[in-house]
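Undergrad: File coords31.tsv below, TSV, C-alpha atoms:
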chain	number	residue	atom	x	y	z
N	1	MET	CA	4.03	13.56	11.61
N	2	GLU	CA	6.62	11.20	10.17
N	3	VAL	CA	5.20	11.62	6.66
N	4	VAL	CA	5.34	15.41	6.96
N	5	GLY	CA	8.98	15.19	8.03
N	6	TRP	CA	9.91	13.10	4.99
N	7	ILE	CA	7.96	15.40	2.65
N	8	VAL	CA	9.86	18.43	3.95
N	9	VAL	CA	13.23	16.62	3.74
N	10	ILE	CA	12.58	15.49	0.16
N	11	ALA	CA	11.28	18.94	-0.80
N	12	CYS	CA	14.54	20.46	0.49
N	13	PHE	CA	16.53	17.99	-1.60
N	14	ILE	CA	14.49	18.80	-4.71
N	15	VAL	CA	14.91	22.55	-4.22
N	16	SER	CA	18.66	22.01	-3.90
N	17	PHE	CA	18.67	20.55	-7.42
N	18	VAL	CA	16.53	23.43	-8.70
N	19	GLY	CA	19.38	25.61	-7.43
N	20	LEU	CA	21.59	24.05	-10.12
N	21	VAL	CA	19.37	25.63	-12.77
N	22	TYR	CA	18.54	28.84	-10.90
N	23	PRO	CA	21.78	29.85	-9.18
N	24	ILE	CA	19.99	32.52	-7.14
N	25	ILE	CA	18.59	29.62	-5.05
N	26	PRO	CA	21.26	28.53	-2.55
N	27	GLY	CA	21.01	24.81	-3.29
N	28	VAL	CA	23.61	23.73	-0.76
N	29	LEU	CA	21.70	25.46	2.04
N	30	PHE	CA	18.53	23.56	1.13
N	31	LEU	CA	20.50	20.33	1.07
N	32	LEU	CA	21.88	21.02	4.55
N	33	GLY	CA	18.41	22.18	5.56
N	34	GLY	CA	17.06	18.75	4.60
N	35	PHE	CA	19.56	17.12	6.95
N	36	ILE	CA	18.62	19.49	9.77
N	37	VAL	CA	14.89	18.97	9.17
N	38	TYR	CA	15.49	15.23	9.42
N	39	GLY	CA	17.24	15.73	12.75
N	40	LEU	CA	14.42	17.92	14.05
N	41	PHE	CA	11.62	15.57	12.97
N	42	PHE	CA	13.36	12.30	13.77
N	43	SER	CA	16.69	12.33	15.58
N	44	PHE	CA	20.10	13.92	15.30
N	45	ALA	CA	21.55	10.76	16.83
N	46	ASP	CA	21.48	9.09	13.40
N	47	LEU	CA	23.66	11.90	12.01
N	48	SER	CA	27.01	11.29	13.68
N	49	TRP	CA	30.04	13.57	13.74
N	50	TRP	CA	31.59	11.69	10.78
N	51	PHE	CA	28.42	12.34	8.76
N	52	TRP	CA	28.69	16.09	9.39
N	53	ALA	CA	32.45	16.07	8.69
N	54	ILE	CA	31.91	14.35	5.33
N	55	GLU	CA	29.04	16.65	4.40
N	56	ILE	CA	31.05	19.77	5.24
N	57	LEU	CA	33.86	18.51	3.02
N	58	PHE	CA	31.35	18.04	0.22
N	59	VAL	CA	30.03	21.58	0.75
N	60	VAL	CA	33.58	22.88	0.30
N	61	LEU	CA	33.85	20.75	-2.85
N	62	LEU	CA	30.59	22.22	-4.16
N	63	PHE	CA	31.85	25.77	-3.86
N	64	GLY	CA	35.22	24.80	-5.27
N	65	ALA	CA	33.71	22.98	-8.25
N	66	ASP	CA	31.68	26.03	-9.16
N	67	THR	CA	34.57	28.47	-8.99
N	68	VAL	CA	37.24	26.28	-10.54
N	69	ALA	CA	35.16	24.99	-13.46
N	70	ASN	CA	34.00	28.46	-14.48
N	71	ALA	CA	37.48	29.97	-14.17
N	72	PHE	CA	39.07	27.04	-16.02
N	73	GLY	CA	36.55	27.21	-18.86
N	74	ILE	CA	37.02	30.92	-19.43
N	75	LYS	CA	40.81	30.91	-19.03
N	76	LYS	CA	41.19	27.84	-21.25
N	77	PHE	CA	39.41	29.70	-24.04
N	78	GLY	CA	41.45	32.90	-23.63
N	79	GLY	CA	39.07	34.86	-21.42
N	80	SER	CA	39.96	37.33	-18.70
N	81	ASN	CA	38.76	38.16	-15.19
N	82	ALA	CA	36.27	40.54	-16.77
N	83	GLY	CA	34.88	37.62	-18.74
N	84	MET	CA	34.49	35.61	-15.52
N	85	TRP	CA	32.64	38.48	-13.83
N	86	GLY	CA	30.46	39.04	-16.89
N	87	SER	CA	29.66	35.34	-16.99
N	88	THR	CA	28.69	35.35	-13.32
N	89	ILE	CA	26.47	38.40	-13.72
N	90	GLY	CA	24.89	36.85	-16.82
N	91	LEU	CA	24.30	33.64	-14.88
N	92	LEU	CA	22.41	35.53	-12.18
N	93	ILE	CA	20.37	37.73	-14.54
N	94	GLY	CA	19.85	35.36	-17.51
N	95	PRO	CA	17.24	33.00	-16.02
N	96	PHE	CA	15.02	35.95	-15.09
N	97	VAL	CA	15.26	37.67	-18.47
N	98	ILE	CA	14.86	34.51	-20.58
N	99	PRO	CA	13.16	31.98	-18.25
N	100	VAL	CA	14.30	28.68	-19.77
N	101	ALA	CA	17.24	29.42	-22.04
N	102	GLY	CA	18.62	32.23	-19.86
N	103	ILE	CA	20.62	29.78	-17.79
N	104	LEU	CA	22.78	29.08	-20.85
N	105	VAL	CA	22.46	32.35	-22.76
N	106	GLY	CA	23.13	34.58	-19.74
N	107	PRO	CA	26.69	33.45	-18.91
N	108	PHE	CA	27.55	33.24	-22.60
N	109	LEU	CA	26.40	36.79	-23.38
N	110	GLY	CA	27.72	38.14	-20.07
N	111	ALA	CA	31.23	36.93	-20.87
N	112	ILE	CA	31.05	38.32	-24.41
N	113	VAL	CA	29.82	41.75	-23.30
N	114	ALA	CA	32.44	41.98	-20.54
N	115	GLU	CA	35.26	41.00	-22.89
N	116	LEU	CA	34.12	43.53	-25.51
N	117	MET	CA	33.49	46.42	-23.11
N	118	VAL	CA	36.14	45.99	-20.42
N	119	GLU	CA	38.99	44.19	-22.17
N	120	ARG	CA	38.37	45.66	-25.64
N	121	ARG	CA	38.77	42.24	-27.26
N	122	THR	CA	37.79	41.46	-30.82
N	123	PHE	CA	34.38	39.93	-31.37
N	124	ASN	CA	35.88	36.50	-32.15
N	125	GLU	CA	37.99	36.53	-28.98
N	126	ALA	CA	34.95	37.58	-26.93
N	127	VAL	CA	32.82	34.78	-28.43
N	128	LYS	CA	35.58	32.30	-27.65
N	129	SER	CA	35.52	33.48	-24.03
N	130	GLY	CA	31.72	33.12	-24.05
N	131	VAL	CA	32.03	29.52	-25.23
N	132	GLY	CA	34.54	28.86	-22.45
N	133	SER	CA	32.09	30.34	-19.98
N	134	LEU	CA	29.33	28.07	-21.22
N	135	ILE	CA	31.55	24.99	-21.04
N	136	GLY	CA	32.70	25.99	-17.55
N	137	PHE	CA	29.11	26.47	-16.38
N	138	LEU	CA	27.94	23.14	-17.79
N	139	THR	CA	30.93	21.35	-16.29
N	140	SER	CA	30.36	22.90	-12.87
N	141	THR	CA	26.64	22.07	-13.02
N	142	VAL	CA	27.35	18.41	-13.72
N	143	ALA	CA	30.03	18.30	-11.00
N	144	LYS	CA	27.70	19.93	-8.47
N	145	ALA	CA	24.85	17.55	-9.38
N	146	VAL	CA	27.12	14.55	-8.82
N	147	ILE	CA	28.37	15.95	-5.50
N	148	GLN	CA	24.81	16.64	-4.34
N	149	ILE	CA	23.74	13.10	-5.25
N	150	VAL	CA	26.70	11.71	-3.30
N	151	MET	CA	25.75	13.90	-0.32
N	152	ILE	CA	22.21	12.52	-0.36
N	153	VAL	CA	23.49	8.94	-0.68
N	154	VAL	CA	25.78	9.50	2.33
N	155	PHE	CA	22.74	10.84	4.22
N	156	PHE	CA	20.70	7.72	3.48
N	157	ILE	CA	23.62	5.47	4.41
N	158	ALA	CA	23.97	7.35	7.71
N	159	ILE	CA	20.34	6.99	8.65
What would the structure in this file look like if it were written as structure tokens?

TA:
Amino acid sequence: MEVVGWIVVIACFIVSFVGLVYPIIPGVLFLLGGFIVYGLFFSFADLSWWFWAIEILFVVLLFGADTVANAFGIKKFGGSNAGMWGSTIGLLIGPFVIPVAGILVGPFLGAIVAELMVERRTFNEAVKSGVGSLIGFLTSTVAKAVIQIVMIVVFFIAI
């Protein structure tokens, strides 16, 4: 039974990283799910209150990293709120329309289309916003990956 517990915990951790590439998968929930599965299979006694406090702070950081990096990237390159919304919609739809490249193309095109249609920007301004969206997405993905790795390291230190 111990092996099954570890397989499920590790599978949850892996799915959380897949959530970095497919944002429709709530990666942070799978990460927390891995901690809970560990507690159910083994013992919650290993996971003290300080462990949960640290992990909750990291969850807040995960959400903050995603929002701030995307907003910063678009705003830095002259984009608007419409560009941010277009980027987010493109991020959700892109991976399903273009399975591998959609994760990069979706936010880029979403920001461009939103800037052109909603804000009536010139094509060059819209492309600049799209580049900012792409940079913001890549930055947030790297930040979230680092935070998730730290969360898993804290888990293994705690147990």

Undergrad: Would you please work out which residue, of N:Ala111, N:Tyr22, N:Lys128, N:Ile36, is nearest to N:Ile98 when using only C-alpha atoms?

TA: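 Looking only at the distances to N:Ile98, the closest residue turns out to be N:Tyr22.
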
Undergrad: How many Å lie between atom CA of N:Val113 and atom CA of N:Ala145, rounded to one decimal?

TA: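 Pair atom CA of N:Val113 / atom CA of N:Ala145 returns 28.4 Å.
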
Undergrad: How far is it from atom CA of N:Ala69 to atom CA of N:Met84, in Å with one decimal?

TA: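 Spanning atom CA of N:Ala69 to atom CA of N:Met84 is a straight-line distance of 10.8 Å.
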
Undergrad: Restricting the calculation to all atoms listed in the file: of N:Tyr38, N:Ile159, N:Ala82, N:Phe51, which residue gets closest to N:Arg120?

TA: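 Using all atoms listed in the file, the shortest distance to N:Arg120 belongs to N:Ala82.
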
Undergrad: Rank N:Leu62, N:Leu31, N:Val118, N:Val8 by their smallest atom-to-atom distance to N:Val146, using all atoms listed in the file, and report the top residue only.

TA: N:Leu62

Undergrad: Smallest atom-to-atom distance to N:Phe96: which of N:Ile24, N:Ala114, N:Ile7, N:Met1, using only C-alpha atoms?

TA: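 Comparing N:Ile24, N:Ala114, N:Ile7, N:Met1 against N:Phe96, the winner is N:Ile24.
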
Undergrad: Please provide the set of residues having any atom within 12 Å of N:Ala11, restricted to all atoms listed in the file, with same-chain residues fewer than 4 positions apart removed, written as an NGL selection string.

TA: :N and (4-7 or 15-18 or 27 or 30-31 or 33-35 or 37-38)

Undergrad: Please check which residues have atoms at most 10 Å from (30.4, 22.0, 1.2) in the file's coordinates, counting all atoms listed in the file, and write them as a PyMOL selection string.

TA: chain N and resi 28-29+32+53-64+147-148+151

Undergrad: Which of these, N:Ile89, N:Val68, N:Val100, N:Ile152, has the shortest distance to N:Cys12 once you count all atoms listed in the file?

TA: N:Ile152

Undergrad: Skipping near chain neighbours, those fewer than 2 positions away, what residues fall within 10 Å of N:Pro95 using only C-alpha atoms, listed as a PyMOL selection string?

TA: chain N and resi 21-24+90-93+97-107
